[in-house]
Amino acid sequence: MSGRRPGRARRGLGAGATWALVLVLVATFVGPLLWMGLTSVKSYGEATASPPTLWPQDVDLSAYERLLSLDGPYPVLRWFLNSLLAGVLHTALVLVVASTAAFALARMPFRGRGLVFGVIVSTLFLPAFVFLMPNYLMIDRLGWTDSVWALVVPGAAGAFGVFFLRQFMVNLPVELEEAAALDGANQWGVFRRVVLPNTRPALATLAVLAFLGNWNDYIWPVYVLFSPERLTLPAGLRLLQGAYVTDYPSIMAGAVVASVPVIVLFVLTQRFVVEGVARSGLKG
């Protein structure tokens, strides 16, 4: 009996330390979101008060009324729709390009396949800013500046999507493809009827990552979009930053509007994301 008590005490201490770590992580990630939401419903005077207050004394929704009004100076709803359209189109194009390229590299033997895959993976080590000027010149030559296509096409053939899906596809049993081939399916049939249905977790994970990357992008929209009504949310919200006065409730309200789709997307797809990441790294 006496020998078991130290073990129980150690287990209790370990559980307590685990819960303490979990609480710290929750506070680290949820704290800024809570502060953002509470500041968005404060008045300007309370938001700039010193010392700051956590809970608003009087809930003030004027920041949301200013931002979400159709005839206001800041068309947040239009920026929201621009971001949503660009994110959906970009995600769809990423899935098409990455899935077909990954299938060729994972399941179609050809000379130099390993070299091609190595070159693609090597581009992951290049800083993103290296592609800024070449992408801009390409978009300018095509006449896509200040349009949604400038946000959709660049980056759609990124190396990460190809690498991620390829790692998932190489783990699929070869017997599935052999059975489909015996039934008379060609390469396209195998890809569409066998490989894609079995890579849904990875496709869902890549869709979330591609959408979030496009949704949160700030530098590229600033470079290629010039009309205020064509801006995306991250690029448009910078206009809320005044030259001399910072309207913190309006900025936080805009951040809340921008974060709602991201939170909803994460809640709906977290199961697929976890499964996709877990199964994509089993072997190379």
# chains A, B, ... in the order shown; residues from 1 in each chain; ligands from 1

$ residues_around --residues "Val76 in chain A" --least-positions-apart "2" --cutoff "10 Å" --atoms "only C-alpha atoms" --output "PDB file with N, CA and C atoms, in the first residue's frame"
ATOM      1  N   TYR A  64     -19.752  48.089 -35.714  1.00  0.00           N
ATOM      2  CA  TYR A  64     -20.326  47.160 -36.697  1.00  0.00           C
ATOM      3  C   TYR A  64     -21.306  47.878 -37.619  1.00  0.00           C
ATOM      4  N   ARG A  66     -21.125  50.964 -38.606  1.00  0.00           N
ATOM      5  CA  ARG A  66     -20.350  51.742 -39.572  1.00  0.00           C
ATOM      6  C   ARG A  66     -19.746  50.848 -40.643  1.00  0.00           C
ATOM      7  N   LEU A  67     -19.228  49.708 -40.229  1.00  0.00           N
ATOM      8  CA  LEU A  67     -18.517  48.848 -41.178  1.00  0.00           C
ATOM      9  C   LEU A  67     -19.464  48.078 -42.090  1.00  0.00           C
ATOM     10  N   LEU A  68     -20.605  47.668 -41.580  1.00  0.00           N
ATOM     11  CA  LEU A  68     -21.502  46.806 -42.340  1.00  0.00           C
ATOM     12  C   LEU A  68     -22.600  47.563 -43.067  1.00  0.00           C
ATOM     13  N   SER A  69     -22.608  48.885 -42.981  1.00  0.00           N
ATOM     14  CA  SER A  69     -23.598  49.655 -43.731  1.00  0.00           C
ATOM     15  C   SER A  69     -23.222  49.683 -45.208  1.00  0.00           C
ATOM     16  N   LEU A  70     -24.216  49.545 -46.077  1.00  0.00           N
ATOM     17  CA  LEU A  70     -23.954  49.447 -47.511  1.00  0.00           C
ATOM     18  C   LEU A  70     -23.458  50.756 -48.108  1.00  0.00           C
ATOM     19  N   GLY A  72     -21.571  53.030 -46.437  1.00  0.00           N
ATOM     20  CA  GLY A  72     -20.501  53.575 -45.613  1.00  0.00           C
ATOM     21  C   GLY A  72     -19.233  53.821 -46.416  1.00  0.00           C
ATOM     22  N   PRO A  73     -18.263  54.516 -45.805  1.00  0.00           N
ATOM     23  CA  PRO A  73     -17.008  54.813 -46.524  1.00  0.00           C
ATOM     24  C   PRO A  73     -16.109  53.595 -46.682  1.00  0.00           C
ATOM     25  N   TYR A  74     -16.345  52.571 -45.878  1.00  0.00           N
ATOM     26  CA  TYR A  74     -15.516  51.370 -45.945  1.00  0.00           C
ATOM     27  C   TYR A  74     -16.404  50.173 -46.308  1.00  0.00           C
ATOM     28  N   ARG A  78     -18.328  44.228 -49.203  1.00  0.00           N
ATOM     29  CA  ARG A  78     -17.769  43.967 -50.528  1.00  0.00           C
ATOM     30  C   ARG A  78     -16.388  43.328 -50.404  1.00  0.00           C
ATOM     31  N   TRP A  79     -15.587  43.811 -49.470  1.00  0.00           N
ATOM     32  CA  TRP A  79     -14.273  43.208 -49.253  1.00  0.00           C
ATOM     33  C   TRP A  79     -14.421  41.757 -48.809  1.00  0.00           C
ATOM     34  N   PHE A  80     -15.413  41.506 -47.976  1.00  0.00           N
ATOM     35  CA  PHE A  80     -15.666  40.153 -47.504  1.00  0.00           C
ATOM     36  C   PHE A  80     -16.013  39.228 -48.671  1.00  0.00           C
ATOM     37  N   LEU A  81     -16.898  39.683 -49.552  1.00  0.00           N
ATOM     38  CA  LEU A  81     -17.288  38.874 -50.706  1.00  0.00           C
ATOM     39  C   LEU A  81     -16.118  38.690 -51.667  1.00  0.00           C
ATOM     40  N   ASN A  82     -15.291  39.731 -51.831  1.00  0.00           N
ATOM     41  CA  ASN A  82     -14.104  39.600 -52.678  1.00  0.00           C
ATOM     42  C   ASN A  82     -13.155  38.527 -52.139  1.00  0.00           C
ATOM     43  N   GLU A 229     -12.928  49.248 -54.135  1.00  0.00           N
ATOM     44  CA  GLU A 229     -14.031  48.279 -54.104  1.00  0.00           C
ATOM     45  C   GLU A 229     -13.583  46.873 -54.471  1.00  0.00           C
ATOM     46  N   LEU A 231     -10.710  45.490 -53.220  1.00  0.00           N
ATOM     47  CA  LEU A 231      -9.793  45.009 -52.199  1.00  0.00           C
ATOM     48  C   LEU A 231     -10.363  43.801 -51.475  1.00  0.00           C
ATOM     49  N   THR A 232      -9.470  43.009 -50.892  1.00  0.00           N
ATOM     50  CA  THR A 232      -9.882  41.927 -50.008  1.00  0.00           C
ATOM     51  C   THR A 232      -9.892  42.440 -48.568  1.00  0.00           C
ATOM     52  N   LEU A 233     -10.385  41.630 -47.657  1.00  0.00           N
ATOM     53  CA  LEU A 233     -10.505  42.080 -46.268  1.00  0.00           C
ATOM     54  C   LEU A 233      -9.168  42.486 -45.634  1.00  0.00           C
ATOM     55  N   GLY A 236      -8.137  45.697 -47.232  1.00  0.00           N
ATOM     56  CA  GLY A 236      -9.073  46.788 -46.974  1.00  0.00           C
ATOM     57  C   GLY A 236      -9.055  47.268 -45.543  1.00  0.00           C
ATOM     58  N   LEU A 237      -8.826  46.353 -44.608  1.00  0.00           N
ATOM     59  CA  LEU A 237      -8.858  46.746 -43.198  1.00  0.00           C
ATOM     60  C   LEU A 237      -7.739  47.711 -42.838  1.00  0.00           C
ATOM     61  N   GLY A 254     -13.683  44.861 -37.640  1.00  0.00           N
ATOM     62  CA  GLY A 254     -13.267  44.319 -38.929  1.00  0.00           C
ATOM     63  C   GLY A 254     -12.520  43.012 -38.781  1.00  0.00           C
ATOM     64  N   VAL A 257     -15.051  40.256 -38.165  1.00  0.00           N
ATOM     65  CA  VAL A 257     -15.702  39.856 -39.424  1.00  0.00           C
ATOM     66  C   VAL A 257     -14.770  38.965 -40.239  1.00  0.00           C
ATOM     67  N   ALA A 258     -13.476  39.288 -40.247  1.00  0.00           N
ATOM     68  CA  ALA A 258     -12.518  38.505 -41.028  1.00  0.00           C
ATOM     69  C   ALA A 258     -12.248  37.136 -40.415  1.00  0.00           C
TER      70      ALA A 258
END

$ residues_around --residues "range 217-223 of chain A" --least-positions-apart "6" --cutoff "10 Å" --atoms "only C-alpha atoms" --output "mmCIF file with C-alpha atoms, in the first residue's frame"
data_model
loop_
_atom_site.group_PDB
_atom_site.id
_atom_site.type_symbol
_atom_site.label_atom_id
_atom_site.label_comp_id
_atom_site.auth_asym_id
_atom_site.auth_seq_id
_atom_site.Cartn_x
_atom_site.Cartn_y
_atom_site.Cartn_z
ATOM 1 C CA SER A 83 -12.055 37.556 -50.216
ATOM 2 C CA PHE A 129 9.140 37.116 -51.673
ATOM 3 C CA LEU A 132 6.645 38.413 -55.852
ATOM 4 C CA MET A 133 8.108 40.263 -58.836
ATOM 5 C CA ASN A 135 4.248 36.793 -60.440
ATOM 6 C CA TYR A 136 3.475 40.485 -60.755
ATOM 7 C CA THR A 145 -4.078 43.371 -62.371
ATOM 8 C CA ASP A 146 -6.897 44.820 -60.264
ATOM 9 C CA SER A 147 -9.015 41.701 -60.862
ATOM 10 C CA VAL A 148 -9.932 38.584 -58.932
ATOM 11 C CA ALA A 150 -4.676 38.135 -59.820
ATOM 12 C CA LEU A 151 -5.562 36.570 -56.466
ATOM 13 C CA PRO A 154 -0.564 32.812 -58.653
ATOM 14 C CA PHE A 211 -8.237 28.848 -48.374
ATOM 15 C CA ARG A 230 -11.872 45.377 -55.354
ATOM 16 C CA LEU A 231 -9.793 45.009 -52.199
ATOM 17 C CA THR A 232 -9.882 41.927 -50.008
ATOM 18 C CA LEU A 233 -10.505 42.080 -46.268
ATOM 19 C CA PRO A 234 -6.861 42.080 -45.076
ATOM 20 C CA ALA A 235 -5.912 44.748 -47.610
ATOM 21 C CA GLY A 236 -9.073 46.788 -46.974
ATOM 22 C CA LEU A 237 -8.858 46.746 -43.198
ATOM 23 C CA ARG A 238 -5.614 48.706 -43.352
#

$ closest_residue --among "A:Trp144, A:Trp149, A:Tyr44, A:Phe160" --to "Leu61 in chain A" --atoms "only C-alpha atoms"
A:Tyr44

$ closest_residue --among "A:Leu203, A:Val170, A:Val22, A:Val88" --to "Met108 in chain A" --atoms "only C-alpha atoms"
A:Val170

$ residues_around --residues "range 193-198 of chain A" --least-positions-apart "3" --cutoff "7 Å" --atoms "only C-alpha atoms" --output "MDAnalysis selection string"
chainID A and resid 176:177 189:190

$ write_last_selection --atoms "all heavy atoms" --output "short mmCIF file (atom, residue, chain, number, x, y, z; two decimals), in the first residue's frame"
data_model
loop_
_atom_site.label_atom_id
_atom_site.label_comp_id
_atom_site.auth_asym_id
_atom_site.auth_seq_id
_atom_site.Cartn_x
_atom_site.Cartn_y
_atom_site.Cartn_z
N LEU A 176 -6.02 -1.67 -54.85
CA LEU A 176 -7.20 -0.92 -55.27
C LEU A 176 -7.11 -0.54 -56.75
O LEU A 176 -8.08 -0.66 -57.50
CB LEU A 176 -7.36 0.34 -54.41
CG LEU A 176 -7.64 0.13 -52.92
CD1 LEU A 176 -7.65 1.46 -52.19
CD2 LEU A 176 -8.96 -0.60 -52.72
N GLU A 177 -5.94 -0.09 -57.16
CA GLU A 177 -5.75 0.28 -58.56
C GLU A 177 -5.78 -0.95 -59.46
O GLU A 177 -6.33 -0.90 -60.57
CB GLU A 177 -4.43 1.03 -58.73
CG GLU A 177 -4.36 2.34 -57.94
CD GLU A 177 -3.01 3.00 -58.09
OE1 GLU A 177 -2.47 2.98 -59.21
OE2 GLU A 177 -2.51 3.53 -57.09
N GLY A 189 -9.73 6.90 -65.01
CA GLY A 189 -10.73 6.25 -64.20
C GLY A 189 -10.20 5.86 -62.83
O GLY A 189 -10.90 6.00 -61.82
N VAL A 190 -8.96 5.36 -62.79
CA VAL A 190 -8.34 5.03 -61.51
C VAL A 190 -8.19 6.27 -60.64
O VAL A 190 -8.47 6.25 -59.43
CB VAL A 190 -6.96 4.37 -61.74
CG1 VAL A 190 -6.20 4.22 -60.43
CG2 VAL A 190 -7.13 3.01 -62.41
#

$ atom_distance --atom1 "CA of Ala102 in chain A" --atom2 "CA of Pro261 in chain A"
28.5 Å

$ residues_around --residues "Ile263 in chain A" --least-positions-apart "4" --cutoff "12 Å" --atoms "only C-alpha atoms" --output "PyMOL selection string"
chain A and resi 30+33+208+212+256-259+267-270

$ closest_residue --among "A:Leu142, A:Val152, A:Phe117, A:Pro56" --to "Trp215 in chain A" --atoms "only C-alpha atoms"
A:Val152

$ select_by_dssp --residues "range 51-274 of chain A" --states "alpha helix (DSSP H)" --output "number ranges by chain"
A: 62-68, 76-107, 113-122, 132-142, 149-152, 159-169, 174-182, 187-190, 196-198, 200-216, 219-224, 233-237, 248-274

$ residues_around --residues "range 246-251 of chain A" --least-positions-apart "6" --cutoff "7 Å" --atoms "only C-alpha atoms" --output "PyMOL selection string"
chain A and resi 39-44+47+63+240

$ write_last_selection --atoms "N, CA and C atoms" --output "PDB file, in the first residue's frame"
ATOM      1  N   THR A  39     -13.307  44.297 -27.383  1.00  0.00           N
ATOM      2  CA  THR A  39     -12.945  45.655 -27.786  1.00  0.00           C
ATOM      3  C   THR A  39     -13.841  46.156 -28.914  1.00  0.00           C
ATOM      4  N   SER A  40     -14.304  45.253 -29.768  1.00  0.00           N
ATOM      5  CA  SER A  40     -15.141  45.668 -30.900  1.00  0.00           C
ATOM      6  C   SER A  40     -16.507  46.198 -30.458  1.00  0.00           C
ATOM      7  N   VAL A  41     -16.942  45.868 -29.241  1.00  0.00           N
ATOM      8  CA  VAL A  41     -18.247  46.358 -28.756  1.00  0.00           C
ATOM      9  C   VAL A  41     -18.084  47.417 -27.679  1.00  0.00           C
ATOM     10  N   LYS A  42     -16.918  48.029 -27.616  1.00  0.00           N
ATOM     11  CA  LYS A  42     -16.685  49.137 -26.701  1.00  0.00           C
ATOM     12  C   LYS A  42     -16.808  50.462 -27.444  1.00  0.00           C
ATOM     13  N   SER A  43     -17.032  51.511 -26.708  1.00  0.00           N
ATOM     14  CA  SER A  43     -16.974  52.846 -27.296  1.00  0.00           C
ATOM     15  C   SER A  43     -15.517  53.234 -27.497  1.00  0.00           C
ATOM     16  N   TYR A  44     -15.293  54.271 -28.295  1.00  0.00           N
ATOM     17  CA  TYR A  44     -13.912  54.685 -28.556  1.00  0.00           C
ATOM     18  C   TYR A  44     -13.229  55.130 -27.270  1.00  0.00           C
ATOM     19  N   ALA A  47     -12.343  52.064 -25.221  1.00  0.00           N
ATOM     20  CA  ALA A  47     -11.304  51.260 -25.860  1.00  0.00           C
ATOM     21  C   ALA A  47      -9.924  51.873 -25.697  1.00  0.00           C
ATOM     22  N   ALA A  63     -19.520  50.375 -34.113  1.00  0.00           N
ATOM     23  CA  ALA A  63     -18.427  49.998 -35.020  1.00  0.00           C
ATOM     24  C   ALA A  63     -18.935  49.049 -36.091  1.00  0.00           C
ATOM     25  N   LEU A 240      -8.695  51.296 -42.295  1.00  0.00           N
ATOM     26  CA  LEU A 240      -9.288  51.726 -41.031  1.00  0.00           C
ATOM     27  C   LEU A 240      -8.266  52.369 -40.119  1.00  0.00           C
TER      28      LEU A 240
END

$ residues_around --residues "range 93-100 of chain A" --least-positions-apart "6" --cutoff "7 Å" --atoms "only C-alpha atoms" --output "list in words"
Ala156, Ala157, Gly161, Val162, Leu165, Leu203 and Ala207 of chain A

$ closest_residue --among "A:Val26, A:Arg200, A:Leu206, A:Phe163" --to "Leu105 in chain A" --atoms "only C-alpha atoms"
A:Phe163

$ atom_distance --atom1 "CA of Glu65 in chain A" --atom2 "CA of Met252 in chain A"
13.1 Å
